[in-house]
Structure formats: C-alpha cells, structure tokens
$ cat upload_11.txt   # compact mmCIF, C-alpha atoms
# COMPACT_ATOMS: atom_id res chain seq x y z
CA MET A 26 130.49 89.86 67.41
CA SER A 27 133.91 88.70 66.32
CA GLU A 28 134.50 87.89 62.69
CA VAL A 29 137.08 85.35 61.60
CA ALA A 30 140.25 86.54 59.98
CA ILE A 31 139.99 85.94 56.27
CA HIS A 32 142.94 84.96 54.16
CA PRO A 33 142.92 86.94 50.92
CA SER A 34 143.16 83.83 48.75
CA SER A 35 140.27 82.22 50.58
CA LEU A 36 138.19 85.33 50.15
CA ALA A 37 139.01 85.40 46.46
CA ASN A 38 137.79 81.82 46.14
CA ALA A 39 134.62 82.74 47.94
CA LEU A 40 134.02 85.74 45.75
CA GLU A 41 134.41 83.70 42.60
CA LEU A 42 131.25 81.92 43.64
CA ASP A 43 129.26 85.03 44.28
CA THR A 44 127.76 85.21 40.83
CA PRO A 45 124.23 83.89 41.25
CA SER A 46 123.67 80.62 39.46
CA PRO A 47 120.98 80.41 36.79
CA ALA A 48 118.76 78.51 39.23
CA GLN A 49 118.71 81.42 41.63
CA PRO A 50 116.09 84.14 41.34
CA GLN A 51 117.38 87.32 39.80
CA PRO A 52 117.79 90.41 41.95
CA LEU A 53 114.58 92.18 42.61
CA LEU A 54 113.29 94.63 40.03
CA VAL A 55 111.14 97.23 41.70
CA PRO A 56 108.14 98.18 39.59
CA THR A 57 108.07 101.86 38.82
CA HIS A 58 104.57 102.35 40.13
CA ASP A 59 105.36 101.15 43.65
CA ALA A 60 105.75 104.80 44.54
CA ALA A 61 102.23 105.58 43.33
CA LEU A 62 100.79 102.76 45.39
CA VAL A 63 102.73 103.98 48.40
CA ARG A 64 101.36 107.51 47.96
CA ARG A 65 97.80 106.18 47.77
CA ALA A 66 98.39 103.99 50.82
CA GLN A 67 99.79 106.99 52.68
CA ASP A 68 96.50 108.75 51.99
CA GLY A 69 94.69 105.86 53.67
CA ASP A 70 93.89 103.72 50.60
CA VAL A 71 93.95 100.23 52.09
CA GLY A 72 93.42 98.67 48.67
CA ALA A 73 96.71 100.12 47.45
CA TYR A 74 98.48 98.69 50.46
CA ASP A 75 96.84 95.33 49.79
CA GLU A 76 98.45 95.39 46.34
CA LEU A 77 101.86 96.14 47.89
CA ILE A 78 101.43 93.23 50.28
CA ARG A 79 100.60 90.88 47.43
CA ARG A 80 103.73 91.94 45.60
CA TYR A 81 106.16 91.28 48.42
CA GLN A 82 104.49 88.83 50.78
CA GLU A 83 106.27 85.78 49.39
CA ARG A 84 109.74 87.27 49.63
CA ILE A 85 109.18 88.69 53.08
CA TYR A 86 107.69 85.43 54.30
CA ALA A 87 110.56 83.42 52.79
CA THR A 88 113.20 85.57 54.46
CA VAL A 89 111.55 85.34 57.85
CA TYR A 90 110.92 81.63 57.42
CA HIS A 91 114.54 80.88 56.50
CA MET A 92 115.68 82.91 59.49
CA THR A 93 113.37 81.17 61.97
CA SER A 94 112.94 77.72 60.36
CA ASN A 95 109.43 77.84 61.72
CA HIS A 96 106.29 78.36 59.64
CA GLU A 97 104.08 79.64 62.49
CA ASP A 98 106.65 82.21 63.60
CA ALA A 99 107.18 83.27 59.99
CA ASN A 100 103.44 83.69 59.54
CA ASP A 101 103.14 85.90 62.64
CA LEU A 102 106.22 87.97 61.83
CA THR A 103 105.20 88.49 58.21
CA GLN A 104 101.80 89.80 59.26
CA GLU A 105 103.32 92.01 61.94
CA THR A 106 105.82 93.35 59.42
CA PHE A 107 103.14 94.53 57.02
CA ILE A 108 100.98 95.91 59.83
CA LYS A 109 103.94 97.85 61.20
CA GLY A 110 104.70 98.99 57.64
CA PHE A 111 101.20 100.41 57.23
CA GLN A 112 101.34 102.16 60.59
CA ALA A 113 104.74 103.68 59.79
CA LEU A 114 103.97 104.45 56.16
CA LYS A 115 103.52 108.15 56.82
CA SER A 116 107.17 108.34 57.88
CA PHE A 117 108.33 106.71 54.61
CA LYS A 118 110.00 109.46 52.61
CA GLY A 119 110.90 107.43 49.54
CA ASP A 120 114.67 107.65 50.07
CA SER A 121 114.87 103.91 49.39
CA SER A 122 112.49 101.61 47.58
CA PHE A 123 109.41 100.46 49.44
CA TYR A 124 110.70 96.91 49.19
CA THR A 125 114.00 97.72 50.91
CA TRP A 126 112.13 99.70 53.54
CA VAL A 127 109.64 96.96 54.36
CA TYR A 128 112.45 94.43 54.24
CA ARG A 129 114.28 96.34 56.96
CA ILE A 130 111.19 96.22 59.11
CA ALA A 131 110.97 92.44 58.59
CA VAL A 132 114.65 91.92 59.35
CA ASN A 133 114.56 94.03 62.52
CA LYS A 134 111.41 92.34 63.76
CA THR A 135 112.87 88.90 63.06
CA ILE A 136 116.18 89.61 64.75
CA ASN A 137 114.42 91.03 67.82
CA PHE A 138 112.19 87.97 67.90
CA LEU A 139 115.16 85.61 67.65
CA LYS A 140 116.98 87.44 70.45
CA GLN A 141 113.97 86.96 72.70
CA ARG A 142 113.57 83.33 71.66
CA LYS A 143 117.26 82.64 72.30
CA ASN A 144 117.82 78.90 72.63
CA ARG A 145 114.19 77.85 72.36
CA THR A 146 114.62 76.76 68.76
CA HIS A 147 111.73 74.70 67.52
CA LEU A 148 111.79 73.71 63.88
CA SER A 149 108.49 73.70 62.05
CA LEU A 150 109.58 73.15 58.50
CA ASN A 151 107.52 73.53 55.39
CA ASP A 152 107.27 70.60 53.04
CA LEU A 153 109.52 70.45 50.02
CA ASP A 154 107.72 71.05 46.78
CA PHE A 155 107.55 68.55 43.96
CA ASN A 156 110.36 70.25 42.04
CA ALA A 157 112.93 69.39 44.70
CA GLU A 158 112.94 65.74 43.69
CA ASN A 159 113.51 66.74 40.09
CA ASP A 160 116.35 69.14 40.79
CA PRO A 161 119.40 67.41 39.28
CA ASP A 162 121.81 69.13 41.64
CA LEU A 163 119.91 68.00 44.70
CA VAL A 164 119.41 64.48 43.39
CA ALA A 165 123.13 64.24 42.71
CA LEU A 166 123.92 65.60 46.13
CA VAL A 167 121.94 62.98 48.01
CA SER A 168 122.70 60.02 45.80
CA ASP A 169 126.23 60.29 44.44
CA ARG A 170 128.40 62.64 46.37
CA THR A 171 127.62 62.04 50.00
CA PRO A 172 129.10 59.27 52.11
CA ARG A 173 125.66 58.70 53.62
CA ARG A 174 123.92 57.58 50.51
CA ASP A 175 120.80 56.61 52.35
CA ILE A 176 120.03 60.19 53.26
CA GLY A 177 116.86 61.58 51.77
CA LEU A 178 116.02 65.13 50.87
CA SER A 179 113.86 65.56 53.96
CA GLU A 180 116.68 64.51 56.24
CA LEU A 181 119.10 66.79 54.44
CA GLN A 182 116.55 69.58 54.87
CA GLN A 183 116.46 68.93 58.63
CA LYS A 184 120.26 68.93 58.87
CA LEU A 185 120.55 72.08 56.82
CA ASN A 186 118.01 73.97 58.92
CA LYS A 187 119.68 72.89 62.14
CA ALA A 188 123.02 74.05 60.76
CA MET A 189 121.46 77.38 59.76
CA GLN A 190 120.14 77.87 63.29
CA LYS A 191 123.68 77.52 64.62
CA LEU A 192 124.77 80.62 62.72
CA SER A 193 124.47 84.03 64.31
CA GLU A 194 121.56 86.14 63.07
CA PRO A 195 123.63 88.45 60.80
CA HIS A 196 125.42 85.51 59.18
CA ARG A 197 122.19 83.56 58.73
CA LEU A 198 120.59 86.63 57.21
CA VAL A 199 123.37 87.14 54.69
CA VAL A 200 123.25 83.51 53.58
CA THR A 201 119.47 83.64 53.34
CA LEU A 202 119.40 86.83 51.32
CA HIS A 203 122.24 85.92 48.98
CA ASP A 204 122.35 82.16 48.57
CA VAL A 205 118.67 81.39 49.05
CA GLN A 206 116.92 84.51 47.78
CA GLY A 207 119.52 85.69 45.30
CA LEU A 208 119.84 89.32 46.34
CA SER A 209 123.00 91.19 45.39
CA HIS A 210 125.62 92.29 47.88
CA GLU A 211 124.56 95.88 47.35
CA GLU A 212 120.91 95.18 48.09
CA ILE A 213 121.89 93.22 51.19
CA GLY A 214 124.09 96.12 52.29
CA HIS A 215 121.10 98.49 51.99
CA ILE A 216 118.85 96.16 53.93
CA MET A 217 121.37 95.42 56.67
CA ASP A 218 122.72 98.96 56.72
CA CYS A 219 126.34 97.90 56.24
CA ASN A 220 128.91 98.10 53.45
CA ILE A 221 129.52 95.51 50.76
CA GLY A 222 132.82 94.38 52.31
CA THR A 223 131.01 93.45 55.50
CA VAL A 224 128.39 91.57 53.51
CA ARG A 225 131.08 89.59 51.67
CA SER A 226 133.07 88.73 54.77
CA ARG A 227 129.92 87.63 56.60
CA LEU A 228 128.92 85.51 53.65
CA PHE A 229 132.31 83.83 53.54
CA TYR A 230 132.28 83.13 57.27
CA ALA A 231 128.72 81.81 57.17
CA ARG A 232 129.54 79.43 54.32
CA GLN A 233 132.58 78.21 56.20
CA GLN A 234 130.48 77.53 59.26
CA LEU A 235 127.82 75.72 57.26
CA GLN A 236 130.49 73.66 55.57
CA ALA A 237 131.82 72.62 58.97
CA HIS A 238 128.37 71.74 60.30
CA LEU A 239 127.42 69.75 57.20
CA SER A 240 130.79 68.17 56.49
CA ASP A 241 129.38 64.64 56.74
CA TYR A 242 127.04 65.35 53.89
CA LEU A 243 129.37 67.23 51.61
CA LYS A 244 132.51 65.14 51.29
CA MET B 10 138.76 73.71 40.95
CA ASN B 11 139.95 74.68 44.37
CA PRO B 12 138.66 72.15 46.97
CA GLN B 13 137.32 74.89 49.22
CA ALA B 14 135.60 76.54 46.31
CA ASP B 15 134.15 73.17 45.38
CA ASN B 16 132.84 72.79 48.91
CA PHE B 17 131.25 76.22 48.76
CA GLU B 18 129.66 75.16 45.51
CA GLN B 19 128.16 72.19 47.31
CA ILE B 20 127.00 74.38 50.16
CA ARG B 21 125.25 76.58 47.67
CA LYS B 22 123.60 73.56 46.09
CA VAL B 23 122.43 72.39 49.50
CA LEU B 24 121.14 75.87 50.29
CA ALA B 25 119.17 75.74 47.05
CA LEU B 26 117.10 73.08 48.79
CA LYS B 27 115.60 75.78 50.97
CA ARG B 28 114.01 77.39 47.95
CA HIS B 29 111.86 74.30 47.64
CA GLU B 30 110.44 74.68 51.15
CA GLN B 31 106.96 76.01 50.56
CA PRO B 32 104.15 76.92 52.96
CA PRO B 33 100.85 75.02 52.80
CA PRO B 34 98.99 75.38 49.48
CA GLY B 35 96.83 78.50 49.31
CA TYR B 36 98.65 80.16 52.16
CA PHE B 37 99.53 83.29 50.20
CA GLN B 38 96.05 83.64 48.70
CA ASN B 39 94.59 84.65 52.08
CA LEU B 40 97.60 86.28 53.68
CA SER B 41 97.00 89.83 52.45
CA ALA B 42 93.31 89.62 53.40
CA ARG B 43 94.26 88.58 56.93
CA ILE B 44 96.75 91.42 57.21
CA ILE B 45 94.29 94.03 55.90
CA SER B 46 91.65 92.72 58.27
CA ARG B 47 94.04 93.13 61.20
CA ILE B 48 94.97 96.64 60.04
CA GLU B 49 91.31 97.65 59.83
CA SER B 50 90.43 96.16 63.21
CA ALA B 51 93.46 97.91 64.75
CA GLU B 52 92.26 101.20 63.28
CA SER B 53 88.76 100.73 64.67
CA ASP B 54 90.20 99.94 68.09
CA GLN B 55 91.86 103.32 68.46
CA PRO B 56 93.02 103.84 72.03
CA THR B 57 91.00 106.16 74.23
CA LEU B 58 92.50 109.29 75.73
CA TRP B 59 92.84 107.41 79.02
CA GLU B 60 94.84 104.66 77.27
CA ARG B 61 96.95 107.16 75.35
CA LEU B 62 97.97 108.71 78.64
CA GLY B 63 99.33 105.33 79.65
CA PHE B 64 96.54 104.18 81.92
CA ALA B 65 95.72 100.98 80.06
CA PHE B 66 95.63 99.03 83.30
CA GLY B 67 94.49 95.74 81.84
CA SER B 68 97.67 95.28 79.83
CA LYS B 69 100.16 96.37 82.52
CA PRO B 70 99.47 94.70 85.88
CA ALA B 71 102.96 95.43 87.21
CA PHE B 72 102.57 99.09 86.32
CA VAL B 73 99.20 99.21 88.06
CA CYS B 74 100.65 97.61 91.22
CA ALA B 75 103.53 100.06 91.24
CA LEU B 76 101.13 102.96 90.72
CA GLY B 77 98.96 101.72 93.59
CA VAL B 78 101.92 101.45 95.94
CA VAL B 79 103.10 104.94 95.02
CA ALA B 80 99.59 106.36 95.50
CA CYS B 81 99.25 104.68 98.93
CA GLY B 82 102.69 105.92 99.90
CA LEU B 83 101.81 109.47 98.92
CA ILE B 84 98.56 109.31 100.92
CA CYS B 85 100.42 108.00 104.00
CA ILE B 86 103.10 110.66 103.68
CA GLY B 87 100.41 113.30 103.32
CA LEU B 88 98.55 112.11 106.41
CA LEU B 89 101.71 111.88 108.48
CA SER B 90 102.87 115.32 107.47
CA THR B 91 99.44 116.78 108.28
CA GLN B 92 99.47 115.21 111.75
CA GLY B 93 103.01 116.39 112.33
CA THR B 94 102.05 119.95 111.45
CA ALA B 95 99.11 119.91 113.88
CA ALA B 96 101.27 118.51 116.69
CA ASP B 97 103.90 121.17 116.02
CA ALA B 98 101.29 123.88 116.22
CA ILE B 99 100.04 122.60 119.58
CA ALA B 100 103.58 122.16 120.83
CA ARG B 101 104.40 125.69 119.78
CA GLN B 102 101.32 127.02 121.53
CA GLN B 103 101.68 125.05 124.84
CA PRO B 104 104.99 126.43 126.11
CA PHE B 105 103.70 129.96 125.74
CA ASP B 106 100.61 129.22 127.81
CA THR B 107 102.51 127.43 130.55
CA GLN B 108 105.08 130.13 130.75
CA SER B 109 102.45 132.80 130.90
CA ALA B 110 100.72 130.97 133.73
CA LEU B 111 103.94 130.64 135.67
CA MET B 112 104.71 134.28 135.23
CA LEU B 113 101.31 135.18 136.50
CA ALA B 114 101.61 132.84 139.48
CA GLY B 115 104.98 134.21 140.57
CA PRO B 116 108.01 132.30 141.81
CA GLN B 117 107.26 128.90 143.23
CA GLU B 118 109.16 126.51 145.36
CA THR B 119 110.34 123.43 143.64
CA ARG B 120 109.61 120.21 145.38
CA SER B 121 110.50 116.64 144.70
CA SER B 122 107.62 114.47 143.67
CA ILE B 123 108.43 111.85 146.32
CA GLU B 124 108.53 114.37 149.21
CA PRO B 125 105.33 114.51 151.23
CA VAL B 126 103.82 117.92 151.27
CA ILE B 127 103.28 118.92 154.92
CA SER B 128 101.76 122.27 155.30
CA GLN B 129 102.96 124.31 158.29
CA VAL B 130 99.97 126.53 158.23
CA SER B 131 96.44 125.36 158.76
CA ALA B 132 93.94 126.14 156.22
CA PHE B 133 91.91 127.97 158.86
CA ASP B 134 94.77 130.27 159.50
CA GLN B 135 94.12 131.79 156.22
CA ILE B 136 90.75 133.15 157.48
CA PRO B 137 91.13 136.22 159.65
CA VAL B 138 89.36 135.50 162.95
CA ARG B 139 88.88 138.24 165.61
CA PRO B 140 87.45 137.25 168.97
CA GLU B 141 84.68 139.56 170.14
CA ARG B 142 82.80 139.65 173.46
CA ALA B 143 79.38 138.27 173.18
CA SER B 144 76.54 139.64 175.42
CA TYR B 145 73.27 137.95 175.93
CA THR B 146 70.32 139.33 177.86
CA PRO B 147 67.49 136.84 178.45
CA PRO B 148 64.11 138.24 177.81
CA ARG B 149 61.88 139.13 180.84
CA GLN B 150 58.65 137.29 181.35
$ encode --input "upload_11.txt" --output "structure tokens"
Amino acid sequence: MSEVAIHPSSLANALELDTPSPAQPQPLLVPTHDAALVRRAQDGDVGAYDELIRRYQERIYATVYHMTSNHEDANDLTQETFIKGFQALKSFKGDSSFYTWVYRIAVNKTINFLKQRKNRTHLSLNDLDFNAENDPDLVALVSDRTPRRDIGLSELQQKLNKAMQKLSEPHRLVVTLHDVQGLSHEEIGHIMDCNIGTVRSRLFYARQQLQAHLSDYLK
Amino acid sequence: MNPQADNFEQIRKVLALKRHEQPPPGYFQNLSARIISRIESAESDQPTLWERLGFAFGSKPAFVCALGVVACGLICIGLLSTQGTAADAIARQQPFDTQSALMLAGPQETRSSIEPVISQVSAFDQIPVRPERASYTPPRQ
C-alpha cells in the first residue's frame, strides 16, 4: 500500500496532537497477575481464562467494532478471538503481555474478515450512550462549529463511521487504537508489528483522509 | 494554532464520539459465559481419528467429489492396465504357436483369397487302388 509523502512541518503539527487528551482512556496497565492466570489457563483451568476474558472483552470488542462498524460482526469476531486464544494458549511463551498477544489475534482475525467482506460494508451501529449528549466538545461540534447546524449526533456518527470505512484497514486500525482507544504509539507498534515511525505516519495519513471525508462537518 | 492542527483537533473530537457507541445493555455480562460455553463444547466435540486424517466429508463436498473422481480414475486405470497385460500375454503366446504349427506343417503355397482353389488331384487318387482278378465259382447243386 502506498503511503502519502509527509512534509516535515505537517508531521510536526500532527505529532503535537499525539498527547492523549484527558478525555481519552489512559494506556493499558497490565495487572501483574495476568501471567498467573495465563499459567492456570494453560493447565486447562477454564475459570482462569474466564477471568482473562472479563478483563479484556470490552477493549477487544471495541477495537473490532470500530474496525467493522457492525455490532453482529464484532460479537462474532470477539468470541472467535477468545476461543482461538484459548486453543493457542499453549504456544504463548510470555514474550509479550497476554493483552498484546490476544490483541494481535483480534486484529489479524478482523483484518482477514474485512478482506473477505471487501465492499459488502453494512453498518450496524451501536447506540450512543447518555454521556454523548453531555460531552461539551461534541455538543459544541454539532451546534456551533459546523456549517450544517441541523446535524445531530446520530447523523454525525453515521458520517464518521462511513468515513472510517473508507480508510484502509491499517490506517483505520491506527486511528481506532490511538484516537479512540488511547493506546500509545509503542503499544500500537507491538500490536501491529511495525515501528513507531510507521505508526505515526499512518496516523497522520488517516487523520488527513478523515478530515477530507468529513470536511463539510468540520469547517 | 495552525489551521491543519486545529482541524486534526476537531477530527479527534469527532472520533471521541465513537467512545460513546456502546453495545446493548448487559451485553458484556454474558459474553464470557458464551465464550466459555463454546470452548467447552468445542473440547467435547474432539474430532475423530477419521476426521483428523482429513476425511470429514460432510464439511468438504468439493474435496469429496475430487476424491471420488480420483478413486474412479484409479480403478479405471487399474482395470485397463490389467486387461492390457492379459492381451499382451495372449499376443505373446499366439505367434509362437502359429509359427510352431507352420514349421511342423512344412512349406506351403501361398494363395490369394479370391482365387478359387481347384484341385488337380482327386481325393480318391490319394487311396492306393490295385486291380486284382476276381474268380467266382458257383456252387454245385
């Protein structure tokens, strides 16, 4: 896949924004006893694996959901990810954290799924929670700063998801992991098996693309 | 602030909207139970030796068809090669017998198949006949 050429000054501007805002979740802190649960699960303790699922199900689901923009697909892929994780657990050597490892499984499964699905994109979006209407940034975005002042949050959600689906899978993944889920460049590099420079350039390109797709709602 | 940076700031604010997209209430309460249930049912449905060898026919109709065609082909090839071997054996045996018969019969005249065969010698000539005087004396009464 071809990447756009990035002007150094543009990249610098993009990188200035890379510090997660206070609203974003902080990078994941892996509990120290994940390793103990993994060892028990490797010995066949399904209860220990159940605990691992409970810890990471929301993050895994969210990543898959934001990649597919479809709740049913996200549900299937999340379940398949954890099932595959259990089946492959014996091969887990502990070189990375369990979270990173299971995340890789989710990402690979999702990308394979999206390649097979190709252009058959069908949005099945989750409802916005109550807090969205109270988010001052979002309220300001739909009421003050857009030329289409009649747009509601649901419509903006539709537009945003359609714009996300226009991105390539690696670019969508970087935006999802960084701007939606708040992971650091380093964590994303581990998950995507690429260096930080690649993560940053993909993030910049993806934001540029989203900006172009949503220009009517951002001016 | 740089306009492009400002736009990225807006993009990030819009992307924050996605964090408010939540699955149906209670979805995560049952998710792990569903996954564990699937794991346990998958473990109880361990594949048989036959399936492990790749003969799970129900799930691979194309494979089964291909296997059937190959099996039929092998049977046909086997039959044909068996028949060919038998014919070769007969063919190898026949010339020997014919040749032996010819050798035993001695040299023969070759005739065309459309030429009528007219024998110059009668078949009776083959029997040696010697005329002998016959004498007959009638009995006296």
$ closest_residue --input "upload_11.txt" --among "B:Asn39, B:Gln31, B:Thr91, B:Ser144" --to "chain A" --atoms "only C-alpha atoms"
B:Gln31
$ interface_residues --input "upload_11.txt" --of "chain A" --to "chain B" --cutoff "7 Å" --atoms "only C-alpha atoms" --output "number ranges by chain"
A: 38-39, 75, 78-79, 104, 108, 151-154, 157, 162-163, 204-205, 232, 236, 243
$ residues_around --input "upload_11.txt" --residues "Leu139 (chain A)" --least-positions-apart "3" --cutoff "12 Å" --atoms "only C-alpha atoms" --output "list of chain:residue names"
A:Val89, A:Tyr90, A:Met92, A:Thr93, A:Ser94, A:Asn95, A:Asp98, A:Ala99, A:Leu102, A:Val132, A:Asn133, A:Lys134, A:Thr135, A:Ile136, A:Arg142, A:Lys143, A:Asn144, A:Arg145, A:Thr146, A:His147, A:Gln190, A:Leu192, A:Ser193, A:Glu194, A:Pro195, A:Arg197, A:Leu198
$ atom_distance --input "upload_11.txt" --atom1 "CA of Gly87 (chain B)" --atom2 "CA of Ala75 (chain B)"
18.2 Å
$ atom_distance --input "upload_11.txt" --atom1 "CA of Val78 (chain B)" --atom2 "CA of Ala96 (chain B)"
26.9 Å
$ atom_distance --input "upload_11.txt" --atom1 "CA of Arg225 (chain A)" --atom2 "CA of His210 (chain A)"
7.2 Å
$ closest_residue --input "upload_11.txt" --among "A:Gly69, A:Ala131, A:Ile216, A:Thr125" --to "Asp101 (chain A)" --atoms "only C-alpha atoms"
A:Ala131
$ residues_around --input "upload_11.txt" --residues "Leu62 (chain A)" --least-positions-apart "6" --cutoff "9 Å" --atoms "all atoms listed in the file" --output "list of chain:residue names"
A:Asp70, A:Ala73, A:Tyr74, A:Glu76, A:Leu77
$ residues_around --input "upload_11.txt" --residues "Gly119 (chain A)" --least-positions-apart "6" --cutoff "9 Å" --atoms "all atoms listed in the file" --output "tab-separated table (two decimals) with C-alpha atoms, keeping the file's coordinate frame"
chain	number	residue	atom	x	y	z
A	60	ALA	CA	105.75	104.80	44.54
A	63	VAL	CA	102.73	103.98	48.40
A	126	TRP	CA	112.13	99.70	53.54
$ axis_aligned_box --input "upload_11.txt" --around "region 116-128 of chain A" --padding-each-side "4 Å" --output "lines of an AutoDock Vina configuration file"
center_x = 111.0
center_y = 101.9
center_z = 52.7
size_x = 15.7
size_y = 23.0
size_z = 18.3
